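Visitor: You'll find query-v1.txt just under this line, and it carries compact mmCIF, C-alpha atoms.
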```
# COMPACT_ATOMS: atom_id res chain seq x y z
CA MET W 750 18.93 118.26 -5.79
CA THR W 751 16.48 117.97 -2.96
CA ASP W 752 15.42 120.58 -0.47
CA LEU W 753 13.11 120.94 2.47
CA ARG W 754 11.06 124.11 2.64
CA PRO W 755 9.09 124.56 5.84
CA ARG W 756 6.96 127.70 5.93
CA ILE W 757 5.42 128.76 9.20
CA ARG W 758 2.37 131.00 9.26
CA VAL W 759 0.94 132.56 12.41
CA LEU W 760 -2.77 133.24 11.99
CA ARG W 761 -4.89 135.61 14.01
CA GLY W 762 -8.44 134.90 12.91
CA SER W 763 -8.23 134.89 9.12
CA ALA W 764 -5.29 137.32 9.01
CA ILE W 765 -1.71 136.13 8.58
CA ALA W 766 0.01 137.88 11.48
CA LEU W 767 3.43 136.53 10.56
CA GLY W 768 4.85 134.45 7.74
CA PRO W 769 8.16 134.09 5.92
CA GLY W 770 7.72 137.26 3.84
CA LYS W 771 6.69 139.46 6.76
CA VAL W 772 9.59 138.27 8.90
CA ASP W 773 12.06 138.85 6.07
CA LEU W 774 10.65 142.39 5.95
CA LEU W 775 11.31 142.86 9.68
CA ASP W 776 14.92 141.78 9.13
CA ALA W 777 15.30 144.13 6.17
CA ILE W 778 13.89 147.06 8.16
CA GLU W 779 16.38 146.39 10.93
CA GLU W 780 19.24 146.19 8.45
CA THR W 781 18.37 149.18 6.27
CA GLY W 782 16.70 151.49 8.81
CA THR W 783 14.06 152.65 6.31
CA LEU W 784 10.91 151.19 4.86
CA GLY W 785 11.98 152.21 1.35
CA GLY W 786 15.35 150.52 1.72
CA ALA W 787 13.75 147.37 3.08
CA ALA W 788 11.22 147.29 0.23
CA GLN W 789 13.98 147.73 -2.35
CA ARG W 790 16.09 144.98 -0.82
CA LEU W 791 13.16 142.56 -1.05
CA GLY W 792 12.11 143.67 -4.53
CA MET W 793 8.69 144.93 -3.44
CA SER W 794 7.03 148.31 -3.75
CA TYR W 795 7.11 150.81 -0.91
CA MET W 796 3.32 150.59 -0.75
CA ARG W 797 3.39 146.84 -0.35
CA ALA W 798 5.99 147.04 2.43
CA TRP W 799 3.91 149.71 4.15
CA LYS W 800 0.76 147.57 3.94
CA LEU W 801 2.56 144.52 5.32
CA VAL W 802 3.81 146.59 8.26
CA GLN W 803 0.30 147.94 8.96
CA ALA W 804 -1.10 144.41 8.81
CA MET W 805 1.53 143.09 11.23
CA ASN W 806 1.18 145.97 13.65
CA ALA W 807 -2.59 145.45 13.78
CA CYS W 808 -2.22 141.82 14.82
CA PHE W 809 -0.11 142.44 17.92
CA ARG W 810 -0.72 144.13 21.26
CA GLU W 811 2.04 146.61 20.46
CA PRO W 812 3.43 147.63 17.08
CA LEU W 813 6.38 145.69 15.70
CA VAL W 814 7.66 148.59 13.58
CA GLU W 815 7.92 152.31 14.30
CA THR W 816 8.10 154.78 11.45
CA SER W 817 8.86 158.50 11.53
CA ARG W 818 6.96 160.57 9.03
CA GLY W 819 8.41 163.98 9.68
CA GLY W 820 11.14 165.91 11.41
CA THR W 821 14.75 164.84 11.43
CA GLY W 822 13.85 161.14 11.48
CA HIS W 823 11.72 161.39 8.32
CA GLY W 824 11.60 158.08 6.49
CA HIS W 825 13.25 156.21 9.29
CA ALA W 826 11.81 152.84 10.30
CA SER W 827 12.93 150.57 13.11
CA LEU W 828 11.83 147.51 15.04
CA THR W 829 10.33 148.06 18.46
CA GLU W 830 11.33 145.89 21.38
CA THR W 831 8.20 143.82 20.65
CA GLY W 832 9.20 143.64 16.99
CA ARG W 833 12.62 142.23 17.81
CA ALA W 834 11.20 139.78 20.35
CA VAL W 835 8.55 138.49 17.91
CA ARG W 836 11.04 138.22 15.04
CA ASP W 837 13.48 136.29 17.26
CA LEU W 838 10.73 133.92 18.40
CA TYR W 839 9.71 133.23 14.81
CA ARG W 840 13.32 132.52 13.78
CA ARG W 841 13.69 130.29 16.81
CA MET W 842 10.57 128.36 15.76
CA GLU W 843 12.03 127.92 12.28
CA ALA W 844 15.38 126.69 13.61
CA GLU W 845 13.90 124.34 16.18
CA SER W 846 11.44 122.97 13.65
CA ARG W 847 14.19 122.26 11.15
CA GLN W 848 16.39 120.60 13.73
CA ALA W 849 13.55 118.41 14.99
CA MET W 850 12.66 117.28 11.46
CA ASP W 851 16.21 116.44 10.50
CA PRO W 852 16.31 112.71 11.32
CA ALA W 853 13.06 111.94 9.44
CA TRP W 854 14.12 114.24 6.61
CA ARG W 855 17.40 112.35 6.13
CA GLU W 856 15.46 109.10 6.05
CA LEU W 857 12.95 110.50 3.56
CA GLN W 858 15.73 111.67 1.24
CA GLY W 859 16.74 108.03 0.75
CA TYR W 860 13.40 107.41 -1.00
CA LEU W 861 13.70 110.29 -3.46
CA ALA W 862 14.85 109.56 -7.02
CA GLU W 863 18.40 110.67 -7.92
CA MET F 951 -8.37 133.02 17.75
CA THR F 952 -4.78 132.30 16.88
CA ASP F 953 -3.35 129.37 15.02
CA LEU F 954 -0.01 128.10 13.84
CA ARG F 955 0.11 126.66 10.34
CA PRO F 956 3.38 125.03 9.38
CA ARG F 957 3.51 123.71 5.84
CA ILE F 958 6.36 121.44 4.83
CA ARG F 959 7.33 121.08 1.20
CA VAL F 960 9.83 118.55 -0.10
CA LEU F 961 11.43 119.76 -3.31
CA ARG F 962 13.23 117.68 -5.90
CA GLY F 963 14.78 120.21 -8.25
CA SER F 964 11.93 122.59 -9.02
CA ALA F 965 9.21 119.95 -8.50
CA ILE F 966 7.27 119.68 -5.26
CA ALA F 967 7.70 115.98 -4.45
CA LEU F 968 5.55 116.20 -1.32
CA GLY F 969 3.47 118.87 0.37
CA PRO F 970 0.39 119.03 2.56
CA GLY F 971 -2.05 118.46 -0.33
CA LYS F 972 -0.18 115.50 -1.78
CA VAL F 973 0.14 113.80 1.60
CA ASP F 974 -3.56 114.33 2.30
CA LEU F 975 -4.17 112.60 -1.03
CA LEU F 976 -2.05 109.62 0.04
CA ASP F 977 -4.14 109.33 3.22
CA ALA F 978 -7.38 109.56 1.25
CA ILE F 979 -6.23 106.86 -1.19
CA GLU F 980 -5.43 104.57 1.71
CA GLU F 981 -8.81 105.24 3.30
CA THR F 982 -11.01 105.01 0.22
CA GLY F 983 -9.07 102.47 -1.88
CA THR F 984 -9.78 104.31 -5.13
CA LEU F 985 -8.45 107.40 -6.82
CA GLY F 986 -11.97 108.61 -7.55
CA GLY F 987 -13.04 108.21 -3.93
CA ALA F 988 -9.93 110.01 -2.72
CA ALA F 989 -10.49 112.88 -5.17
CA GLN F 990 -14.10 113.22 -4.10
CA ARG F 991 -13.19 113.25 -0.43
CA LEU F 992 -10.73 116.09 -1.02
CA GLY F 993 -13.06 118.02 -3.35
CA MET F 994 -10.77 117.78 -6.37
CA SER F 995 -11.30 116.37 -9.85
CA TYR F 996 -10.24 112.84 -10.71
CA MET F 997 -7.85 114.29 -13.26
CA ARG F 998 -6.17 116.50 -10.68
CA ALA F 999 -5.75 113.58 -8.28
CA TRP F 1000 -4.31 111.49 -11.09
CA LYS F 1001 -1.82 114.21 -12.02
CA LEU F 1002 -0.73 114.64 -8.41
CA VAL F 1003 -0.11 110.90 -8.14
CA GLN F 1004 1.92 110.87 -11.38
CA ALA F 1005 3.97 113.83 -10.12
CA MET F 1006 4.67 112.14 -6.78
CA ASN F 1007 5.52 108.79 -8.33
CA ALA F 1008 8.00 110.47 -10.68
CA CYS F 1009 9.91 112.04 -7.79
CA PHE F 1010 10.69 108.82 -5.93
CA ARG F 1011 12.82 105.76 -6.65
CA GLU F 1012 9.69 103.61 -6.45
CA PRO F 1013 6.04 104.62 -6.95
CA LEU F 1014 4.07 105.69 -3.89
CA VAL F 1015 0.71 104.69 -5.36
CA GLU F 1016 -0.33 101.65 -7.41
CA THR F 1017 -3.42 101.80 -9.59
CA SER F 1018 -5.22 99.03 -11.45
CA ARG F 1019 -6.69 100.02 -14.76
CA GLY F 1020 -8.36 96.79 -15.78
CA GLY F 1021 -9.48 93.35 -14.66
CA THR F 1022 -11.14 92.68 -11.35
CA GLY F 1023 -9.15 95.44 -9.59
CA HIS F 1024 -10.29 98.13 -12.03
CA GLY F 1025 -10.29 101.52 -10.41
CA HIS F 1026 -8.52 100.32 -7.31
CA ALA F 1027 -5.67 102.43 -5.92
CA SER F 1028 -3.44 101.70 -2.96
CA LEU F 1029 -0.26 102.87 -1.31
CA THR F 1030 2.87 100.84 -1.93
CA GLU F 1031 5.22 100.01 0.93
CA THR F 1032 7.28 103.02 -0.16
CA GLY F 1033 4.14 105.15 -0.21
CA ARG F 1034 3.28 104.26 3.37
CA ALA F 1035 6.87 104.77 4.55
CA VAL F 1036 7.12 108.19 2.88
CA ARG F 1037 3.71 109.32 4.16
CA ASP F 1038 4.63 108.22 7.69
CA LEU F 1039 7.96 110.08 7.55
CA TYR F 1040 6.21 113.25 6.39
CA ARG F 1041 3.64 113.03 9.20
CA ARG F 1042 6.47 112.39 11.65
CA MET F 1043 8.25 115.52 10.41
CA GLU F 1044 5.05 117.52 10.90
CA ALA F 1045 4.52 116.20 14.42
CA GLU F 1046 8.13 116.65 15.52
CA SER F 1047 8.25 120.12 14.03
CA ARG F 1048 5.12 121.19 15.86
CA GLN F 1049 6.31 119.77 19.15
CA ALA F 1050 9.71 121.47 18.84
CA MET F 1051 8.09 124.84 18.07
CA ASP F 1052 5.65 124.69 20.93
CA PRO F 1053 7.59 126.58 23.65
CA ALA F 1054 8.42 129.53 21.34
CA TRP F 1055 4.90 129.46 19.92
CA ARG F 1056 3.36 129.78 23.39
CA GLU F 1057 5.64 132.70 24.09
CA LEU F 1058 4.79 134.34 20.78
CA GLN F 1059 1.06 134.04 21.46
CA GLY F 1060 1.50 136.36 24.43
CA TYR F 1061 2.39 139.17 22.01
CA LEU F 1062 -0.65 138.75 19.75
CA ALA F 1063 -3.60 141.08 20.17
CA GLU F 1064 -6.69 139.60 21.78
```
Show me this structure written as structure tokens.

Guide:
Amino acid sequence: MTDLRPRIRVLRGSAIALGPGKVDLLDAIEETGTLGGAAQRLGMSYMRAWKLVQAMNACFREPLVETSRGGTGHGHASLTETGRAVRDLYRRMEAESRQAMDPAWRELQGYLAE
Amino acid sequence: MTDLRPRIRVLRGSAIALGPGKVDLLDAIEETGTLGGAAQRLGMSYMRAWKLVQAMNACFREPLVETSRGGTGHGHASLTETGRAVRDLYRRMEAESRQAMDPAWRELQGYLAE
């Protein structure tokens, strides 16, 4: 059983602005609508999810995630327009990378042991 | 200063058959002609380089690296034909992946903070 696992990291200075885990978190925030729900879905603590969001937001011109701390929207989290655009670009990079590698990957698989 | 760091891993079952470190080791073996020289160039111990070579060789139908333990070729290490073919395919995957990602990557850079 062979598999290809490409992992793309976007660095800003020494900080990882985006990587597989952070982008999965963006997806989970969009799907669950809360930071707590997203954290639970990914099996991480609320605090870790919150820190990842702060780290991402700090790397971009505009925040990727908006959170409401009080009022009727308390606990709500959602992707901003920038957040959706950045997530989509990352997923596009993944898909285009995988497609471009496919011919060489098929050839390489022929060399792997059964 | 932003950077894109794609890392490709080839998995066979749960073993990493090839990844960035292993392929750098193949290059260093080709360039230095010995396992010790390759290890030194990459700042790793001889034992670690030896283990990485054993792990790679075990994942493929034919060994990627040949080593001579005695006689006039003592200490010599070189890539087999399979080793060169596999290394070249991996580097081709890296290059094609990077090229395919480039348009989305340029677009994504516009969203990163200065």

Visitor: Considering all atoms listed in the file, extract the chain F residues located within 8 Å of chain W and return them as an NGL selection string.

Guide: :F and (951-963 or 1008-1012 or 1032 or 1036 or 1039-1040 or 1042-1044 or 1046-1048 or 1050-1051 or 1054-1055 or 1057-1058 or 1061-1064)

Visitor: At what distance in Å, to one decimal, does CA of Glu779 (chain W) lie from CA of Thr829 (chain W)?

Guide: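 For CA of Thr829 (chain W) relative to CA of Glu779 (chain W), the distance reads 9.8 Å.
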
Visitor: Can you list, as JSON, numbers by chain, every protein, DNA or RNA residue that comes within 12 Å of region 985-993 of chain F when you count all atoms listed in the file, leaving out same-chain residues fewer than 5 positions away?

Guide: {"F": [971, 972, 973, 974, 975, 976, 977, 978, 979, 980, 998, 999, 1000, 1001, 1002, 1003, 1004, 1015, 1016, 1017, 1018, 1019, 1024, 1025, 1026, 1027, 1028, 1029]}

Visitor: Could you save the residues just selected, with C-alpha atoms, as a CSV table (one decimal), in the coordinates of the input?

Guide:
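New file part-v3.csv:
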```
chain,number,residue,atom,x,y,z
F,971,GLY,CA,-2.0,118.5,-0.3
F,972,LYS,CA,-0.2,115.5,-1.8
F,973,VAL,CA,0.1,113.8,1.6
F,974,ASP,CA,-3.6,114.3,2.3
F,975,LEU,CA,-4.2,112.6,-1.0
F,976,LEU,CA,-2.0,109.6,0.0
F,977,ASP,CA,-4.1,109.3,3.2
F,978,ALA,CA,-7.4,109.6,1.2
F,979,ILE,CA,-6.2,106.9,-1.2
F,980,GLU,CA,-5.4,104.6,1.7
F,998,ARG,CA,-6.2,116.5,-10.7
F,999,ALA,CA,-5.8,113.6,-8.3
F,1000,TRP,CA,-4.3,111.5,-11.1
F,1001,LYS,CA,-1.8,114.2,-12.0
F,1002,LEU,CA,-0.7,114.6,-8.4
F,1003,VAL,CA,-0.1,110.9,-8.1
F,1004,GLN,CA,1.9,110.9,-11.4
F,1015,VAL,CA,0.7,104.7,-5.4
F,1016,GLU,CA,-0.3,101.6,-7.4
F,1017,THR,CA,-3.4,101.8,-9.6
F,1018,SER,CA,-5.2,99.0,-11.4
F,1019,ARG,CA,-6.7,100.0,-14.8
F,1024,HIS,CA,-10.3,98.1,-12.0
F,1025,GLY,CA,-10.3,101.5,-10.4
F,1026,HIS,CA,-8.5,100.3,-7.3
F,1027,ALA,CA,-5.7,102.4,-5.9
F,1028,SER,CA,-3.4,101.7,-3.0
F,1029,LEU,CA,-0.3,102.9,-1.3
```

Visitor: Given 6 Å of margin on each side, can you work out the centre and size in Å (one decimal) of an axis-aligned box holding every listed atom of region 805-813 of chain W, as AutoDock Vina command-line options?

Guide:
```
--center_x 1.9 --center_y 144.7 --center_z 16.2 --size_x 21.0 --size_y 17.8 --size_z 22.0
```

Visitor: Would you mind reading off the distance between CA of Pro769 (chain W) and CA of Thr781 (chain W), one decimal, in Å?

Guide: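 Result for CA of Pro769 (chain W) versus CA of Thr781 (chain W): 18.2 Å, one decimal.
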
Visitor: Quote the spacing between CA of Met796 (chain W) and CA of Arg833 (chain W) in Å to one decimal place.

Guide: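 Between CA of Met796 (chain W) and CA of Arg833 (chain W) the gap is 22.4 Å.
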